[in-house]
Amino acid sequence: MKENISRCLDCDHKQNWIGTFHSQCNKILRKEIKAVGFKPDFAIYDDDDQSSLIRHILKEFNIYEALYKGVASRIGILKASMISPEDFLSQGDGFSFDEKLGRVYLRYQDELQRSNSLDYDDLVRLTVKLFDENPKVLHKYQEMFPAILVDEFQDTNRAQFRLLQLLAGKQKNVCVAGDDDQSIFKSKGSDTGNILNFEKEFPGTKVIKLDRNYRSTGNILKVSSSVIAKNIQRKPKCLQTDNLCGEKVFYCNLGSEEDEAKYVSRAIKDLYLKSNYEYNNFAVFYRINLQTKTLEDALREESIPYQVIGGTSFYHRKEVKDIISYVRLALNNNDNVSLRRIINSPARGIGSTTISKIEQEAKKNSLSLFKTLKSMLQTNGVAASFKDKLADFVKTIEDFSSRSYRSAADMIKDIVEKTGYLDELEEERIQAILELSSSAENIASRDFIDRVSLSSASDEAPPAHAVTLMPLHNTKGIEFPVVFIIGLEEGTLPYFKAFDNAAEMQEERRLLYVGMTRAKQILSLSSVKRRRVYSKIQEQEPSRFLADMPKDCCTWVERAQQKEKMVASSALHPPTKKAPSFIVGSRVKHPAWGVGIVRDCCGEGEEAKVTVNFPGIGLKRLAAKLANLERI
DNA sequence: AAAACTCCTCTTTTT
DNA sequence: GAGGAGTTTT
């Protein structure tokens, strides 16, 4: 984003703050947080940390622990709406489950305070608090930002809106861009009311309707518009385009997941060989990450390069999180979640009994676990048999804290070495830690940790020569010439958890809409008759959303009989059965580029198109008739 | 406290 | 079907 903006603007982009709400707030709070009662070395808890803290509290409160997800989500929405635990408790009747929820919420905030830690919502919440309570500080930042622009405004929540209002001050020099049809994070507390109320909060707003679509073909626009039009709660709009109708939207119903994966990868291969598309012009979208597995197998089978975006992120891997927890604990000794995580990994003989003793003591004195541990050691509050182990642990952490490392990588190496973390670890996990370490070169530990918790999938560089695989949730703001959306079945898209909730069902529809509108030229949809759900094979019904698509804009294959018909490109181009006239992997000689290796070949005789990799020159796609290739 | 076993869950997720 | 978390066993 920064690069794009500095390319477009002829000014020093370093003066502009460009980033997410959370990273901007982090930047402000690292400087100013003392004013709202935290220390500047605060840790940032991600969703995993948040979950483990909530589970811990539920256990303590004797509430069925498996509820933690629902509890986390409720608390998240409360925080995003800036409702404090006290507010929430005072609304309740004192008996219902909400009462319990309120107490968990209260305890959760208390635990964060004691750990000197912030969750994502706190980053925004505390910045709002800071500005509310400190007019001078607010003024400083208002002066700093004479104008503010917010993109993807439909995904903002109440707290973020409040922050915007504060920063905008009297000048109200604000520009926001958003589309309620693309709101796919309502369940995370984002509030399209921010769009609807904008004109009220900022009187005199000039509204510009962006109803011209410059991206997609007429057919794609028509079909996707018909899908989204069925949502009840939306601002009606009518998008127009000057683009040609283009190819019809393709839909195909296939037998199994494997068929679908094969169908997608063959279609990609066909289009790649027969037209001017590069692999990075293709994207495959799906509802849930599980769906990548079959797809990856099929792509590999066809030797199509691909890159998976999203999914279980690298930073969420157990071993990576462990090491990061060490770094965090070293930077902020009060980080209880990190301490709980690593106090006995690798195993150092500190078991649950010992830990719960420390927990009890910490609760009694309302201190962090680490501080409690230290004072217990001093006052001989520990059995002699554990004392050495605990003292050892404290010493190790304090050693990490006090050392000044040249880079986060140095710190990680030291941690791994001193704790023996790699001993008895599988090769794959060792590799992950080495990768973590190399990504931490030349960056201070503090900055590294912030980057780990605040960076996003969209920060990743787009793949140079690979097909993109990503979940629909990640597709906002990007576009591809060719898009495949797979798994349009009841239960998959819409996802079954949305079945009994009208609001969530509309969100599923928006999800599909966002995905469809990423396509510039070719859009291919598919569904499957049978899908393996966990370990059972299930009969699948086609998605209800398919019924809302105008068939005159589509090529519709309800029942794919012969395999050859299942390839989308056979509808787009006449099928040519190919007998390769150049064998993949063989060597050929070109008059200008010399010797290369055939990577791909399609068509036969003079019609053949050959893809050859010439060392030092790169990939070339050649028509056999013209290229004058010599087999060697 | 470590090892073995059983159970459970299994969206998406900006940060 | 797999991986993680929790529980029981040694």
# chains A, B, ... in the order shown; residues from 1 in each chain; ligands from 1
call {"tool": "closest_atom_pairs", "arguments": {"of": "chain A", "to": "chain C", "cutoff": "10 Å", "atoms": "only C-alpha atoms (C1' of nucleotides)", "output": "JSON lines"}}
result
{"residue": "A:Lys318", "atom": "CA", "partner": "C:DG4", "partner_atom": "C1'", "distance": 9.8}
{"residue": "A:Tyr534", "atom": "CA", "partner": "C:DG1", "partner_atom": "C1'", "distance": 6.9}
{"residue": "A:Ser535", "atom": "CA", "partner": "C:DG1", "partner_atom": "C1'", "distance": 6.1}
{"residue": "A:Lys536", "atom": "CA", "partner": "C:DG1", "partner_atom": "C1'", "distance": 9.9}
call {"tool": "write_last_selection", "arguments": {"atoms": "C-alpha atoms", "output": "CSV table (one decimal), in the first residue's frame"}}
result
chain,number,residue,atom,x,y,z
A,318,LYS,CA,3.0,-24.2,17.9
A,534,TYR,CA,-14.5,-34.8,8.1
A,535,SER,CA,-14.4,-38.5,7.5
A,536,LYS,CA,-17.9,-39.2,6.0
call {"tool": "residues_around", "arguments": {"residues": "DA2 in chain B", "least_positions_apart": "3", "cutoff": "12 Å", "atoms": "only C-alpha atoms (C1' of nucleotides)", "output": "number ranges by chain"}}
result
A: 344, 346-351; C: 9-10
call {"tool": "write_last_selection", "arguments": {"atoms": "all heavy atoms", "output": "PDB file, in the first residue's frame"}}
result
ATOM      1  N   ASN A 344       6.778 -24.583  31.038  1.00  0.00           N
ATOM      2  CA  ASN A 344       7.204 -25.983  31.027  1.00  0.00           C
ATOM      3  C   ASN A 344       7.409 -26.537  29.623  1.00  0.00           C
ATOM      4  O   ASN A 344       7.206 -27.712  29.363  1.00  0.00           O
ATOM      5  CB  ASN A 344       6.206 -26.850  31.788  1.00  0.00           C
ATOM      6  CG  ASN A 344       6.835 -28.149  32.241  1.00  0.00           C
ATOM      7  OD1 ASN A 344       8.034 -28.181  32.535  1.00  0.00           O
ATOM      8  ND2 ASN A 344       6.057 -29.206  32.267  1.00  0.00           N
ATOM      9  N   PRO A 346      10.441 -26.119  26.661  1.00  0.00           N
ATOM     10  CA  PRO A 346      10.592 -27.552  26.868  1.00  0.00           C
ATOM     11  C   PRO A 346      10.439 -27.950  28.342  1.00  0.00           C
ATOM     12  O   PRO A 346      10.650 -27.127  29.218  1.00  0.00           O
ATOM     13  CB  PRO A 346      12.017 -27.829  26.393  1.00  0.00           C
ATOM     14  CG  PRO A 346      12.719 -26.523  26.467  1.00  0.00           C
ATOM     15  CD  PRO A 346      11.687 -25.483  26.242  1.00  0.00           C
ATOM     16  N   ALA A 347      10.059 -29.212  28.551  1.00  0.00           N
ATOM     17  CA  ALA A 347       9.792 -29.694  29.893  1.00  0.00           C
ATOM     18  C   ALA A 347      10.962 -29.414  30.822  1.00  0.00           C
ATOM     19  O   ALA A 347      12.088 -29.760  30.519  1.00  0.00           O
ATOM     20  CB  ALA A 347       9.497 -31.187  29.850  1.00  0.00           C
ATOM     21  N   ARG A 348      10.682 -28.708  31.903  1.00  0.00           N
ATOM     22  CA  ARG A 348      11.736 -28.491  32.888  1.00  0.00           C
ATOM     23  C   ARG A 348      11.246 -28.864  34.279  1.00  0.00           C
ATOM     24  O   ARG A 348      11.681 -28.292  35.277  1.00  0.00           O
ATOM     25  CB  ARG A 348      12.241 -27.051  32.833  1.00  0.00           C
ATOM     26  CG  ARG A 348      11.181 -25.973  32.728  1.00  0.00           C
ATOM     27  CD  ARG A 348      11.793 -24.588  32.855  1.00  0.00           C
ATOM     28  NE  ARG A 348      12.495 -24.156  31.672  1.00  0.00           N
ATOM     29  CZ  ARG A 348      11.914 -23.553  30.619  1.00  0.00           C
ATOM     30  NH1 ARG A 348      10.627 -23.329  30.632  1.00  0.00           N
ATOM     31  NH2 ARG A 348      12.620 -23.169  29.588  1.00  0.00           N
ATOM     32  N   GLY A 349      10.271 -29.775  34.309  1.00  0.00           N
ATOM     33  CA  GLY A 349       9.847 -30.315  35.591  1.00  0.00           C
ATOM     34  C   GLY A 349       8.967 -29.381  36.401  1.00  0.00           C
ATOM     35  O   GLY A 349       8.881 -29.497  37.609  1.00  0.00           O
ATOM     36  N   ILE A 350       8.329 -28.405  35.730  1.00  0.00           N
ATOM     37  CA  ILE A 350       7.392 -27.543  36.436  1.00  0.00           C
ATOM     38  C   ILE A 350       5.990 -27.934  35.993  1.00  0.00           C
ATOM     39  O   ILE A 350       5.559 -27.600  34.906  1.00  0.00           O
ATOM     40  CB  ILE A 350       7.670 -26.057  36.129  1.00  0.00           C
ATOM     41  CG1 ILE A 350       9.108 -25.704  36.489  1.00  0.00           C
ATOM     42  CG2 ILE A 350       6.696 -25.181  36.910  1.00  0.00           C
ATOM     43  CD1 ILE A 350       9.533 -24.310  36.115  1.00  0.00           C
ATOM     44  N   GLY A 351       5.308 -28.674  36.818  1.00  0.00           N
ATOM     45  CA  GLY A 351       4.025 -29.247  36.424  1.00  0.00           C
ATOM     46  C   GLY A 351       2.840 -28.436  36.893  1.00  0.00           C
ATOM     47  O   GLY A 351       2.975 -27.343  37.444  1.00  0.00           O
TER      48      GLY A 351
ATOM     49  P    DT C   9      -6.478 -45.020  34.504  1.00  0.00           P
ATOM     50  OP1  DT C   9      -7.285 -46.221  34.239  1.00  0.00           O
ATOM     51  OP2  DT C   9      -6.530 -44.373  35.829  1.00  0.00           O
ATOM     52  O5'  DT C   9      -4.969 -45.336  34.148  1.00  0.00           O
ATOM     53  C5'  DT C   9      -4.644 -45.795  32.827  1.00  0.00           C
ATOM     54  C4'  DT C   9      -3.139 -45.763  32.638  1.00  0.00           C
ATOM     55  O4'  DT C   9      -2.675 -44.406  32.738  1.00  0.00           O
ATOM     56  C3'  DT C   9      -2.355 -46.569  33.675  1.00  0.00           C
ATOM     57  O3'  DT C   9      -1.528 -47.494  32.990  1.00  0.00           O
ATOM     58  C2'  DT C   9      -1.532 -45.525  34.428  1.00  0.00           C
ATOM     59  C1'  DT C   9      -1.444 -44.391  33.422  1.00  0.00           C
ATOM     60  N1   DT C   9      -1.257 -43.037  33.978  1.00  0.00           N
ATOM     61  C2   DT C   9      -0.140 -42.311  33.610  1.00  0.00           C
ATOM     62  O2   DT C   9       0.714 -42.738  32.865  1.00  0.00           O
ATOM     63  N3   DT C   9      -0.074 -41.053  34.159  1.00  0.00           N
ATOM     64  C4   DT C   9      -0.986 -40.467  35.013  1.00  0.00           C
ATOM     65  O4   DT C   9      -0.812 -39.341  35.429  1.00  0.00           O
ATOM     66  C5   DT C   9      -2.124 -41.285  35.355  1.00  0.00           C
ATOM     67  C7   DT C   9      -3.171 -40.741  36.294  1.00  0.00           C
ATOM     68  C6   DT C   9      -2.216 -42.529  34.828  1.00  0.00           C
ATOM     69  P    DT C  10      -0.883 -48.669  33.799  1.00  0.00           P
ATOM     70  OP1  DT C  10      -0.742 -49.798  32.856  1.00  0.00           O
ATOM     71  OP2  DT C  10      -1.580 -48.844  35.084  1.00  0.00           O
ATOM     72  O5'  DT C  10       0.562 -48.075  34.081  1.00  0.00           O
ATOM     73  C5'  DT C  10       1.574 -48.179  33.068  1.00  0.00           C
ATOM     74  C4'  DT C  10       2.755 -47.339  33.503  1.00  0.00           C
ATOM     75  O4'  DT C  10       2.291 -46.046  33.888  1.00  0.00           O
ATOM     76  C3'  DT C  10       3.493 -47.915  34.720  1.00  0.00           C
ATOM     77  O3'  DT C  10       4.820 -48.255  34.342  1.00  0.00           O
ATOM     78  C2'  DT C  10       3.488 -46.789  35.749  1.00  0.00           C
ATOM     79  C1'  DT C  10       3.133 -45.565  34.910  1.00  0.00           C
ATOM     80  N1   DT C  10       2.397 -44.509  35.641  1.00  0.00           N
ATOM     81  C2   DT C  10       2.877 -43.224  35.587  1.00  0.00           C
ATOM     82  O2   DT C  10       3.876 -42.915  34.978  1.00  0.00           O
ATOM     83  N3   DT C  10       2.133 -42.306  36.288  1.00  0.00           N
ATOM     84  C4   DT C  10       0.989 -42.546  37.020  1.00  0.00           C
ATOM     85  O4   DT C  10       0.418 -41.644  37.598  1.00  0.00           O
ATOM     86  C5   DT C  10       0.536 -43.908  37.042  1.00  0.00           C
ATOM     87  C7   DT C  10      -0.685 -44.282  37.811  1.00  0.00           C
ATOM     88  C6   DT C  10       1.263 -44.830  36.352  1.00  0.00           C
TER      89       DT C  10
END
call {"tool": "interface_residues", "arguments": {"of": "chain A", "to": "chain B", "cutoff": "6 Å", "atoms": "only C-alpha atoms (C1' of nucleotides)", "output": "MDAnalysis selection string"}}
result
chainID A and resid 22 454 473
call {"tool": "residues_around", "arguments": {"residues": "Gln160 in chain A", "least_positions_apart": "4", "cutoff": "7 Å", "atoms": "only C-alpha atoms (C1' of nucleotides)", "output": "MDAnalysis selection string"}}
result
chainID A and resid 124 156 164
call {"tool": "atom_distance", "arguments": {"atom1": "CA of Val337 in chain A", "atom2": "CA of His56 in chain A"}}
result
9.4 Å
call {"tool": "closest_residue", "arguments": {"among": "A:Ser265, A:Ser256, A:Ser226, A:Asn26", "to": "Val533 in chain A", "atoms": "only C-alpha atoms"}}
result
A:Ser256
